[in-house]
$ cat start-v2.txt   # compact mmCIF, C-alpha atoms
# COMPACT_ATOMS: atom_id res chain seq x y z
CA MET A 10 54.55 20.24 58.96
CA ASN A 11 58.33 20.50 59.29
CA PHE A 12 59.82 18.70 56.31
CA SER A 13 63.45 17.70 56.40
CA SER A 14 63.58 17.77 52.60
CA LYS A 15 62.26 20.08 49.89
CA LEU A 16 61.76 17.11 47.53
CA LEU A 17 59.71 15.31 50.16
CA GLU A 18 57.64 18.42 50.82
CA ASP A 19 56.99 18.87 47.10
CA ALA A 20 55.80 15.28 46.64
CA VAL A 21 53.61 15.44 49.76
CA ASN A 22 52.04 18.69 48.55
CA GLU A 23 51.25 17.11 45.17
CA PHE A 24 49.59 14.10 46.81
CA SER A 25 47.61 16.22 49.25
CA LYS A 26 45.94 17.98 46.28
CA LEU A 27 44.12 14.71 45.56
CA PRO A 28 40.51 14.55 46.78
CA GLY A 29 40.18 13.11 50.29
CA VAL A 30 43.93 13.04 50.86
CA GLY A 31 45.23 15.20 53.72
CA GLN A 32 48.85 16.00 54.56
CA LYS A 33 49.26 13.02 56.89
CA THR A 34 47.88 10.53 54.38
CA ALA A 35 49.96 12.14 51.62
CA LEU A 36 53.09 11.71 53.72
CA ARG A 37 52.24 8.05 54.35
CA LEU A 38 51.73 7.40 50.63
CA VAL A 39 54.93 9.21 49.63
CA LEU A 40 57.04 7.39 52.24
CA HIS A 41 55.52 4.12 51.01
CA LEU A 42 56.64 4.92 47.46
CA LEU A 43 60.07 5.99 48.71
CA ASN A 44 60.60 2.44 49.97
CA LYS A 45 59.92 0.97 46.53
CA GLU A 46 62.44 0.38 43.75
CA GLN A 47 63.12 3.28 41.38
CA GLU A 48 61.59 1.25 38.54
CA GLU A 49 58.28 0.83 40.37
CA VAL A 50 58.13 4.53 41.26
CA ASP A 51 58.90 5.47 37.65
CA HIS A 52 56.07 3.24 36.50
CA PHE A 53 53.70 4.79 39.02
CA GLY A 54 54.54 8.36 38.06
CA ASN A 55 54.60 7.72 34.33
CA SER A 56 51.33 5.76 34.29
CA VAL A 57 49.35 8.87 35.14
CA ILE A 58 51.42 11.21 32.93
CA ARG A 59 50.94 8.84 29.98
CA LEU A 60 47.25 8.43 30.73
CA ARG A 61 46.72 12.19 30.65
CA LYS A 62 48.78 12.56 27.49
CA GLU A 63 47.48 9.67 25.39
CA ILE A 64 43.90 9.15 26.53
CA LYS A 65 41.17 9.68 23.95
CA HIS A 66 37.44 10.12 24.18
CA CYS A 67 35.21 8.01 21.96
CA GLY A 68 33.91 10.08 19.05
CA VAL A 69 30.48 8.47 19.36
CA CYS A 70 29.69 8.07 23.06
CA HIS A 71 32.43 10.31 24.61
CA ASN A 72 33.55 7.54 26.95
CA ILE A 73 37.25 7.35 27.90
CA SER A 74 39.03 5.13 25.39
CA ASP A 75 42.42 4.17 23.98
CA HIS A 76 41.07 4.50 20.44
CA ASN A 77 39.06 7.10 18.50
CA ILE A 78 35.97 4.90 18.81
CA CYS A 79 35.62 2.90 22.02
CA ASP A 80 35.43 -0.90 22.30
CA ILE A 81 31.74 -0.85 23.25
CA CYS A 82 30.73 1.30 20.26
CA THR A 83 32.69 -0.95 17.88
CA ALA A 84 31.57 -4.30 19.40
CA ASN A 85 29.37 -6.31 17.01
CA LYS A 86 27.27 -7.93 19.69
CA ARG A 87 26.10 -4.70 21.36
CA ASP A 88 22.66 -3.32 20.45
CA LYS A 89 23.49 -0.02 18.76
CA ASP A 90 19.85 1.09 18.86
CA VAL A 91 19.60 1.18 22.67
CA ILE A 92 21.46 4.11 24.23
CA CYS A 93 22.10 4.35 27.98
CA VAL A 94 22.83 7.96 28.97
CA VAL A 95 25.18 8.31 31.96
CA GLU A 96 27.07 11.05 33.75
CA ASP A 97 30.66 9.79 33.43
CA THR A 98 33.02 6.86 32.85
CA ARG A 99 32.51 5.56 36.37
CA ASP A 100 28.82 5.07 35.65
CA VAL A 101 29.63 3.19 32.42
CA MET A 102 31.82 0.88 34.50
CA ALA A 103 29.11 0.49 37.15
CA VAL A 104 26.49 -0.50 34.55
CA GLU A 105 28.97 -2.78 32.75
CA ASN A 106 29.73 -4.54 36.05
CA THR A 107 26.06 -5.52 36.43
CA GLY A 108 26.30 -7.66 33.28
CA GLN A 109 22.65 -6.78 32.61
CA TYR A 110 23.04 -4.25 29.80
CA PHE A 111 23.86 -5.00 26.17
CA GLY A 112 23.27 -1.68 24.44
CA VAL A 113 25.64 1.25 23.94
CA TYR A 114 26.29 4.38 26.02
CA HIS A 115 26.32 8.13 25.82
CA VAL A 116 28.52 9.88 28.40
CA LEU A 117 27.32 13.40 29.23
CA GLY A 118 30.51 14.41 31.02
CA GLY A 119 28.61 15.77 34.03
CA LEU A 120 25.16 16.86 35.14
CA ILE A 121 23.38 20.19 34.78
CA SER A 122 24.18 22.13 37.94
CA PRO A 123 23.47 25.86 38.04
CA MET A 124 25.15 26.01 41.47
CA ASP A 125 28.44 24.86 39.94
CA GLY A 126 27.91 26.86 36.74
CA VAL A 127 27.38 23.76 34.60
CA GLY A 128 24.76 24.35 31.91
CA PRO A 129 23.46 22.09 29.09
CA SER A 130 26.02 23.52 26.64
CA ASP A 131 28.87 22.29 28.85
CA LEU A 132 27.69 18.69 28.44
CA PHE A 133 27.52 16.34 25.44
CA ILE A 134 23.78 16.84 25.06
CA ASP A 135 23.69 18.24 21.52
CA SER A 136 25.66 15.26 20.28
CA LEU A 137 23.13 12.94 21.99
CA VAL A 138 20.24 14.69 20.23
CA GLN A 139 22.25 14.45 16.99
CA ARG A 140 22.76 10.70 17.54
CA VAL A 141 19.07 10.13 18.16
CA ALA A 142 18.16 12.25 15.11
CA THR A 143 20.56 10.59 12.67
CA THR A 144 20.79 6.93 13.73
CA PRO A 145 17.98 4.39 14.26
CA VAL A 146 17.34 4.34 18.03
CA LYS A 147 14.77 2.05 19.69
CA GLU A 148 15.14 3.30 23.27
CA VAL A 149 16.99 5.89 25.33
CA ILE A 150 17.64 4.85 28.94
CA LEU A 151 18.46 7.77 31.24
CA ALA A 152 20.64 6.29 34.00
CA LEU A 153 21.45 9.34 36.10
CA SER A 154 21.98 9.75 39.83
CA ALA A 155 18.83 10.29 41.92
CA THR A 156 20.00 13.73 43.02
CA MET A 157 18.80 17.27 42.38
CA GLU A 158 21.31 17.64 39.51
CA GLY A 159 20.34 14.24 38.12
CA ASP A 160 16.64 15.14 38.15
CA THR A 161 17.28 18.51 36.50
CA THR A 162 19.32 16.87 33.75
CA LEU A 163 16.69 14.14 33.36
CA PHE A 164 13.97 16.72 32.84
CA TYR A 165 16.04 18.71 30.35
CA LEU A 166 16.98 15.60 28.35
CA TYR A 167 13.35 14.49 28.29
CA LYS A 168 12.30 17.87 26.86
CA ARG A 169 15.01 17.68 24.17
CA LEU A 170 14.24 14.07 23.19
CA LYS A 171 10.49 13.67 23.54
CA ASP A 172 9.64 14.85 20.00
CA PHE A 173 11.59 11.97 18.45
CA GLN A 174 8.75 9.59 19.44
CA ILE A 175 11.02 6.90 20.88
CA PRO A 176 10.65 5.33 24.32
CA ILE A 177 12.59 7.30 26.95
CA THR A 178 13.03 5.34 30.19
CA THR A 179 14.82 5.92 33.47
CA ILE A 180 16.31 3.35 35.80
CA ALA A 181 13.95 2.13 38.58
CA LYS A 182 14.17 3.86 41.95
CA GLY A 183 13.14 2.25 45.24
CA ILE A 184 14.53 0.31 48.16
CA ALA A 185 17.74 -1.63 47.40
CA PHE A 186 17.63 -5.40 46.86
CA GLY A 187 18.52 -7.04 50.17
CA GLY A 188 17.66 -3.77 51.92
CA GLU A 189 15.64 -3.86 55.12
CA LEU A 190 12.65 -1.52 55.33
CA GLU A 191 13.55 -0.13 58.74
CA TYR A 192 16.92 1.11 57.43
CA ALA A 193 15.57 2.66 54.21
CA ASP A 194 15.42 6.46 54.26
CA GLU A 195 11.96 8.01 54.48
CA ILE A 196 11.93 9.62 51.05
CA THR A 197 12.97 6.45 49.24
CA LEU A 198 10.47 4.34 51.20
CA GLY A 199 7.69 6.88 50.72
CA ARG A 200 8.32 7.16 46.97
CA SER A 201 8.59 3.39 46.61
CA ILE A 202 5.09 3.05 48.14
CA VAL A 203 3.64 5.77 45.88
CA THR A 204 5.26 4.23 42.77
CA ARG A 205 4.40 0.63 43.74
CA VAL A 206 4.16 -1.89 40.90
CA PRO A 207 1.91 -4.95 40.37
CA TYR A 208 3.72 -7.95 41.87
CA HIS A 209 3.94 -9.83 38.55
CA ASN A 210 5.66 -6.79 36.98
CA SER A 211 8.34 -6.82 39.69
CA LEU A 212 9.49 -10.31 38.72
CA ILE A 213 12.51 -10.48 36.42
CA LYS A 214 11.31 -11.91 33.16
CA MET B 18 36.20 -3.75 37.07
CA ASN B 19 35.53 -3.32 33.36
CA PHE B 20 37.88 -0.63 32.13
CA SER B 21 37.19 1.04 28.82
CA SER B 22 40.88 1.88 28.43
CA LYS B 23 44.14 0.01 29.05
CA LEU B 24 45.86 3.26 30.04
CA LEU B 25 43.17 3.96 32.60
CA GLU B 26 43.40 0.42 33.97
CA ASP B 27 47.17 0.70 34.27
CA ALA B 28 47.00 3.99 36.19
CA VAL B 29 44.24 2.68 38.49
CA ASN B 30 46.27 -0.46 39.20
CA GLU B 31 49.30 1.63 40.11
CA PHE B 32 47.28 3.80 42.52
CA SER B 33 45.56 0.81 44.12
CA LYS B 34 48.98 -0.54 45.15
CA LEU B 35 49.23 2.37 47.62
CA PRO B 36 48.39 1.51 51.23
CA GLY B 37 44.73 2.03 52.11
CA VAL B 38 43.73 2.73 48.50
CA GLY B 39 41.26 0.29 46.93
CA GLN B 40 40.21 0.09 43.28
CA LYS B 41 37.28 2.49 43.69
CA THR B 42 39.38 5.15 45.44
CA ALA B 43 42.16 4.66 42.89
CA LEU B 44 39.69 5.24 40.06
CA ARG B 45 38.40 8.40 41.74
CA LEU B 46 41.94 9.76 42.16
CA VAL B 47 42.94 8.91 38.58
CA LEU B 48 39.80 10.50 37.09
CA HIS B 49 40.48 13.57 39.23
CA LEU B 50 43.97 13.85 37.73
CA LEU B 51 42.60 13.24 34.23
CA ASN B 52 40.57 16.45 34.59
CA LYS B 53 43.68 18.48 35.38
CA GLU B 54 45.99 20.20 32.89
CA GLN B 55 48.83 18.12 31.42
CA GLU B 56 51.33 20.37 33.20
CA GLU B 57 49.83 19.68 36.62
CA VAL B 58 49.74 15.93 35.99
CA ASP B 59 53.37 16.00 34.82
CA HIS B 60 54.35 17.81 38.00
CA PHE B 61 52.46 15.28 40.12
CA GLY B 62 54.05 12.26 38.43
CA ASN B 63 57.53 13.73 38.27
CA SER B 64 57.53 14.92 41.90
CA VAL B 65 57.56 11.37 43.19
CA ILE B 66 59.95 10.05 40.50
CA ARG B 67 62.38 12.87 41.31
CA LEU B 68 61.99 12.33 45.06
CA ARG B 69 62.89 8.65 44.71
CA LYS B 70 65.84 9.45 42.42
CA GLU B 71 67.41 12.39 44.22
CA ILE B 72 66.58 11.88 47.88
CA LYS B 73 69.50 11.36 50.26
CA HIS B 74 69.77 10.10 53.80
CA CYS B 75 71.74 12.14 56.30
CA GLY B 76 75.14 10.53 56.90
CA VAL B 77 74.91 11.30 60.63
CA CYS B 78 71.31 10.69 61.71
CA HIS B 79 69.94 8.78 58.63
CA ASN B 80 66.98 11.13 58.32
CA ILE B 81 65.61 11.89 54.84
CA SER B 82 67.42 14.92 53.45
CA ASP B 83 68.20 16.87 50.28
CA HIS B 84 71.87 17.04 51.29
CA ASN B 85 74.50 14.59 52.52
CA ILE B 86 74.11 15.95 56.04
CA CYS B 87 70.61 17.08 57.05
CA ASP B 88 69.60 20.60 58.12
CA ILE B 89 69.10 19.58 61.75
CA CYS B 90 72.54 18.00 62.05
CA THR B 91 74.19 21.08 60.50
CA ALA B 92 72.16 23.69 62.45
CA ASN B 93 74.32 25.67 64.88
CA LYS B 94 71.61 26.21 67.46
CA ARG B 95 70.77 22.50 67.99
CA ASP B 96 72.31 20.68 70.96
CA LYS B 97 74.53 18.09 69.29
CA ASP B 98 75.07 16.26 72.57
CA VAL B 99 71.42 15.27 73.05
CA ILE B 100 70.27 12.50 70.68
CA CYS B 101 66.62 11.58 70.24
CA VAL B 102 66.30 8.06 68.81
CA VAL B 103 63.18 7.54 66.63
CA GLU B 104 61.81 4.92 64.27
CA ASP B 105 61.46 6.94 61.05
CA THR B 106 61.17 10.35 59.39
CA ARG B 107 57.54 10.70 60.39
CA ASP B 108 58.56 10.58 64.06
CA VAL B 109 61.22 13.25 63.48
CA MET B 110 58.48 15.45 62.01
CA ALA B 111 56.13 14.67 64.92
CA VAL B 112 58.75 15.65 67.51
CA GLU B 113 59.77 18.75 65.51
CA ASN B 114 56.13 19.83 65.38
CA THR B 115 55.96 19.91 69.19
CA GLY B 116 58.55 22.72 69.23
CA GLN B 117 59.81 21.27 72.54
CA TYR B 118 62.99 19.57 71.40
CA PHE B 119 66.27 21.26 70.53
CA GLY B 120 68.70 18.37 70.25
CA VAL B 121 69.53 16.16 67.25
CA TYR B 122 68.07 12.84 66.06
CA HIS B 123 69.00 9.32 65.16
CA VAL B 124 66.61 7.53 62.79
CA LEU B 125 66.65 3.75 63.22
CA GLY B 126 64.77 3.03 60.01
CA GLY B 127 62.32 0.68 61.76
CA LEU B 128 61.84 -1.32 64.94
CA ILE B 129 63.05 -4.78 65.91
CA SER B 130 60.28 -7.16 64.89
CA PRO B 131 61.03 -10.89 64.75
CA MET B 132 57.54 -11.46 63.33
CA ASP B 133 58.43 -9.35 60.27
CA GLY B 134 61.99 -10.65 60.13
CA VAL B 135 63.52 -7.33 61.20
CA GLY B 136 66.55 -7.83 63.45
CA PRO B 137 68.97 -5.32 65.02
CA SER B 138 71.36 -5.60 62.06
CA ASP B 139 68.62 -4.34 59.71
CA LEU B 140 68.45 -1.05 61.61
CA PHE B 141 70.90 1.82 62.11
CA ILE B 142 71.81 0.66 65.61
CA ASP B 143 75.54 0.09 65.16
CA SER B 144 75.91 3.64 63.83
CA LEU B 145 74.08 4.93 66.92
CA VAL B 146 76.47 3.07 69.23
CA GLN B 147 79.34 4.43 67.14
CA ARG B 148 77.98 7.98 67.50
CA VAL B 149 77.69 7.62 71.27
CA ALA B 150 81.17 6.10 71.47
CA THR B 151 82.95 8.73 69.36
CA THR B 152 81.16 12.04 70.03
CA PRO B 153 80.43 13.75 73.34
CA VAL B 154 76.83 12.83 74.25
CA LYS B 155 75.04 14.11 77.36
CA GLU B 156 71.76 12.19 76.95
CA VAL B 157 70.07 9.66 74.69
CA ILE B 158 66.28 9.95 74.54
CA LEU B 159 64.55 6.85 73.24
CA ALA B 160 61.31 8.10 71.63
CA LEU B 161 59.80 4.87 70.30
CA SER B 162 56.19 3.77 69.94
CA ALA B 163 54.63 2.14 73.01
CA THR B 164 54.13 -1.16 71.17
CA MET B 165 55.62 -4.63 71.50
CA GLU B 166 58.19 -3.83 68.79
CA GLY B 167 58.95 -0.47 70.40
CA ASP B 168 59.54 -2.08 73.80
CA THR B 169 61.74 -4.81 72.33
CA THR B 170 63.85 -2.21 70.52
CA LEU B 171 63.98 -0.07 73.67
CA PHE B 172 65.33 -2.98 75.71
CA TYR B 173 67.92 -3.89 73.07
CA LEU B 174 69.13 -0.29 72.73
CA TYR B 175 69.38 0.04 76.51
CA LYS B 176 71.57 -3.07 76.68
CA ARG B 177 73.84 -1.74 73.93
CA LEU B 178 74.14 1.75 75.40
CA LYS B 179 74.13 1.30 79.16
CA ASP B 180 77.92 0.79 79.50
CA PHE B 181 78.62 4.28 78.15
CA GLN B 182 77.49 5.74 81.50
CA ILE B 183 75.29 8.42 79.99
CA PRO B 184 71.66 9.11 80.93
CA ILE B 185 69.30 7.04 78.77
CA THR B 186 65.70 8.26 78.99
CA THR B 187 62.41 7.34 77.34
CA ILE B 188 59.46 9.59 76.63
CA ALA B 189 56.78 9.65 79.37
CA LYS B 190 53.82 7.29 78.99
CA GLY B 191 50.41 7.85 80.57
CA ILE B 192 47.02 9.35 79.84
CA ALA B 193 47.00 12.02 77.15
CA PHE B 194 46.77 15.73 78.07
CA GLY B 195 43.13 16.73 77.80
CA GLY B 196 42.20 13.04 78.02
CA GLU B 197 39.28 11.99 80.23
CA LEU B 198 39.89 9.11 82.62
CA GLU B 199 36.76 7.21 81.65
CA TYR B 200 37.88 7.03 78.01
CA ALA B 201 41.48 5.99 78.74
CA ASP B 202 42.20 2.32 78.02
CA GLU B 203 42.71 0.07 81.04
CA ILE B 204 46.37 -0.71 80.47
CA THR B 205 47.37 2.94 80.06
CA LEU B 206 45.33 4.01 83.10
CA GLY B 207 46.63 1.09 85.20
CA ARG B 208 50.25 1.80 84.27
CA SER B 209 49.83 5.52 84.84
CA ILE B 210 48.68 4.77 88.42
CA VAL B 211 51.59 2.39 89.05
CA THR B 212 54.12 4.88 87.61
CA ARG B 213 52.56 7.91 89.34
CA VAL B 214 54.85 10.90 89.96
CA PRO B 215 55.02 13.45 92.81
CA TYR B 216 52.77 16.37 91.86
CA HIS B 217 55.58 18.94 91.82
CA ASN B 218 57.52 16.73 89.35
CA SER B 219 54.56 16.73 86.98
CA LEU B 220 54.68 20.49 86.55
CA ILE B 221 56.52 21.80 83.51
CA LYS B 222 59.59 23.62 84.73

$ encode --input "start-v2.txt" --output "structure tokens"
Amino acid sequence: MNFSSKLLEDAVNEFSKLPGVGQKTALRLVLHLLNKEQEEVDHFGNSVIRLRKEIKHCGVCHNISDHNICDICTANKRDKDVICVVEDTRDVMAVENTGQYFGVYHVLGGLISPMDGVGPSDLFIDSLVQRVATTPVKEVILALSATMEGDTTLFYLYKRLKDFQIPITTIAKGIAFGGELEYADEITLGRSIVTRVPYHNSLIK
Amino acid sequence: MNFSSKLLEDAVNEFSKLPGVGQKTALRLVLHLLNKEQEEVDHFGNSVIRLRKEIKHCGVCHNISDHNICDICTANKRDKDVICVVEDTRDVMAVENTGQYFGVYHVLGGLISPMDGVGPSDLFIDSLVQRVATTPVKEVILALSATMEGDTTLFYLYKRLKDFQIPITTIAKGIAFGGELEYADEITLGRSIVTRVPYHNSLIK
């Protein structure tokens, strides 16, 4: 691209480093911001600088937080003895949005992925084992993505936790609610037939 | 969305104000930046703050520039007597990228659009007329989008400029090079038949 300004080029290059943002989109976003008031642009730029500078991670569950211990871990009404293990903050938000979970979390910070050079020691797995060993835990729910990396991590976590003699569960896999059979992928449909459940168990109690 | 952090929520809200960026995309972009070094995030945030603060508009053609007069308007090898009139900076970049144009520009800053409340006085039209009146101009090329607003602006500019007795041209409209007839839209194909040109005129000289 032929930029008429070095400042413009610099800003566009910064934006085009973002995932899924090409040079054309970056230019559109930057020109959009250029039309805003200086105050608004300052707030935009500083919001992310401040976030990076001041953000903390919860000392218990490793979730992103403004405090040393996050709001979920300090909330009185959450069941501290049920731990839902997730990959990252986005998954905490996804589970929170369902409104169906009242326990606490443990954020791994990723999944085991030998292809990307991510091993168990790169994740918050030891601290999970520590939590289970030192605090009364009734159940560990493994809520990981149904991918190769998710399955690998699931298996590793199961091996590390099984000796504690507490129930270890994983979220149910199968066709989506409201999903039509003909549009379900073959593997999901096949597995959901193999792992079929008695009808009365499928009802929400 | 349930954010675990006020700082995170603030940054996501700022990003989701950008055009075409929803809350989920904003969260993805913010978490991406959160994984970067503080230095990189500072550079990202400051690049756009600095751009907004220090950017200038060329005093001649109104294009975005780092200086009071832009590089194109000051370049010796550009034909100062051919003016290409465009809507905004993006169009200057698009024409520059073709490598086929060697004159100078005039950036209107938008198109006449009564629906959006944009009238001729909101655009740099008077300064264009002034330029044509006070400097020697051999040709004015109107390179505006082939939309309702583009056509309206085209007609208005023609009315304002026609008395100066200089050639006023518009960019050619028709089916795209490499375009197949069956995929061309009806209006474009219809108009390109009506405005057909002698074969020898269609060759690039």

$ interface_residues --input "start-v2.txt" --of "chain A" --to "chain B" --cutoff "6 Å" --atoms "only C-alpha atoms" --output "list in words"
Asn11, Ser13, Ser14, Leu16, Ala20, Glu23, Leu43, Val50, Asp51, Phe53, Gly54, Ser56, Val57, Ile58, Leu60, Arg61, Ser74, Asp75 and Met102 of chain A

$ atom_distance --input "start-v2.txt" --atom1 "CA of Gly126 (chain A)" --atom2 "CA of Leu166 (chain A)"
17.8 Å

$ closest_residue --input "start-v2.txt" --among "A:Arg169, A:Gln32, A:Glu96, A:Tyr192" --to "Gln139 (chain A)" --atoms "all atoms listed in the file"
A:Arg169

$ atom_distance --input "start-v2.txt" --atom1 "CA of Pro184 (chain B)" --atom2 "CA of Ile158 (chain B)"
8.4 Å

$ closest_residue --input "start-v2.txt" --among "A:Cys70, A:Leu163, A:Ala142, A:Ile202" --to "Gly118 (chain A)" --atoms "all atoms listed in the file"
A:Cys70

$ residues_around --input "start-v2.txt" --residues "Val154 (chain B)" --least-positions-apart "6" --cutoff "10 Å" --atoms "only C-alpha atoms" --output "MDAnalysis selection string"
chainID B and resid 96:100 148 181 183:184

$ residues_near_point --input "start-v2.txt" --point "(65.3, 8.0, 71.6)" --cutoff "10 Å" --atoms "all atoms listed in the file" --output "MDAnalysis selection string"
chainID B and resid 99:104 122:125 156:161 171 174 185:188

$ atom_distance --input "start-v2.txt" --atom1 "CA of Lys171 (chain A)" --atom2 "CA of Ser122 (chain A)"
21.6 Å

$ decode --input "start-v2.txt" --residues "region 208-216 of chain B" --atoms "all heavy atoms" --output "compact mmCIF listing (two decimals), in the first residue's frame"
# COMPACT_ATOMS: atom_id res chain seq x y z
N ARG B 208 -25.56 -1.07 -19.19
CA ARG B 208 -24.93 0.23 -19.44
C ARG B 208 -23.68 0.09 -20.29
O ARG B 208 -23.36 0.96 -21.10
CB ARG B 208 -24.55 0.91 -18.11
CG ARG B 208 -25.73 1.26 -17.23
CD ARG B 208 -26.43 2.52 -17.64
NE ARG B 208 -25.54 3.67 -17.64
CZ ARG B 208 -25.82 4.82 -18.22
NH1 ARG B 208 -26.96 4.97 -18.89
NH2 ARG B 208 -24.97 5.82 -18.16
N SER B 209 -22.96 -1.04 -20.12
CA SER B 209 -21.72 -1.18 -20.88
C SER B 209 -22.02 -1.49 -22.35
O SER B 209 -21.17 -1.29 -23.22
CB SER B 209 -20.81 -2.24 -20.25
OG SER B 209 -21.28 -3.53 -20.55
N ILE B 210 -23.25 -1.98 -22.64
CA ILE B 210 -23.65 -2.16 -24.04
C ILE B 210 -24.05 -0.80 -24.63
O ILE B 210 -23.61 -0.42 -25.72
CB ILE B 210 -24.81 -3.17 -24.16
CG1 ILE B 210 -24.30 -4.58 -23.81
CG2 ILE B 210 -25.43 -3.15 -25.55
CD1 ILE B 210 -25.38 -5.62 -23.64
N VAL B 211 -24.86 -0.05 -23.85
CA VAL B 211 -25.30 1.26 -24.32
C VAL B 211 -24.11 2.19 -24.55
O VAL B 211 -24.07 2.93 -25.53
CB VAL B 211 -26.29 1.88 -23.28
CG1 VAL B 211 -26.66 3.30 -23.69
CG2 VAL B 211 -27.54 1.02 -23.16
N THR B 212 -23.11 2.16 -23.66
CA THR B 212 -21.97 3.07 -23.78
C THR B 212 -20.78 2.39 -24.44
O THR B 212 -19.63 2.68 -24.13
CB THR B 212 -21.54 3.59 -22.38
OG1 THR B 212 -21.16 2.45 -21.59
CG2 THR B 212 -22.65 4.34 -21.68
N ARG B 213 -21.08 1.48 -25.38
CA ARG B 213 -20.00 0.73 -26.05
C ARG B 213 -19.06 1.69 -26.79
O ARG B 213 -19.48 2.79 -27.19
CB ARG B 213 -20.60 -0.31 -27.00
CG ARG B 213 -21.39 0.28 -28.16
CD ARG B 213 -22.22 -0.82 -28.83
NE ARG B 213 -23.08 -0.28 -29.89
CZ ARG B 213 -24.28 0.26 -29.65
NH1 ARG B 213 -24.77 0.35 -28.43
NH2 ARG B 213 -25.00 0.72 -30.66
N VAL B 214 -17.80 1.27 -26.95
CA VAL B 214 -16.80 2.13 -27.60
C VAL B 214 -16.23 1.42 -28.82
O VAL B 214 -16.21 0.19 -28.87
CB VAL B 214 -15.64 2.47 -26.63
CG1 VAL B 214 -16.13 3.39 -25.52
CG2 VAL B 214 -15.03 1.20 -26.05
N PRO B 215 -15.79 2.19 -29.85
CA PRO B 215 -15.13 1.56 -31.00
C PRO B 215 -13.94 0.73 -30.51
O PRO B 215 -13.22 1.18 -29.61
CB PRO B 215 -14.64 2.75 -31.83
CG PRO B 215 -15.50 3.89 -31.41
CD PRO B 215 -15.89 3.64 -30.00
N TYR B 216 -13.74 -0.44 -31.09
CA TYR B 216 -12.72 -1.36 -30.61
C TYR B 216 -11.35 -0.71 -30.47
O TYR B 216 -10.66 -0.86 -29.47
CB TYR B 216 -12.64 -2.60 -31.50
CG TYR B 216 -11.53 -3.54 -31.09
CD1 TYR B 216 -11.58 -4.18 -29.85
CD2 TYR B 216 -10.44 -3.78 -31.92
CE1 TYR B 216 -10.56 -5.03 -29.47
CE2 TYR B 216 -9.42 -4.62 -31.54
CZ TYR B 216 -9.49 -5.26 -30.31
OH TYR B 216 -8.48 -6.09 -29.92
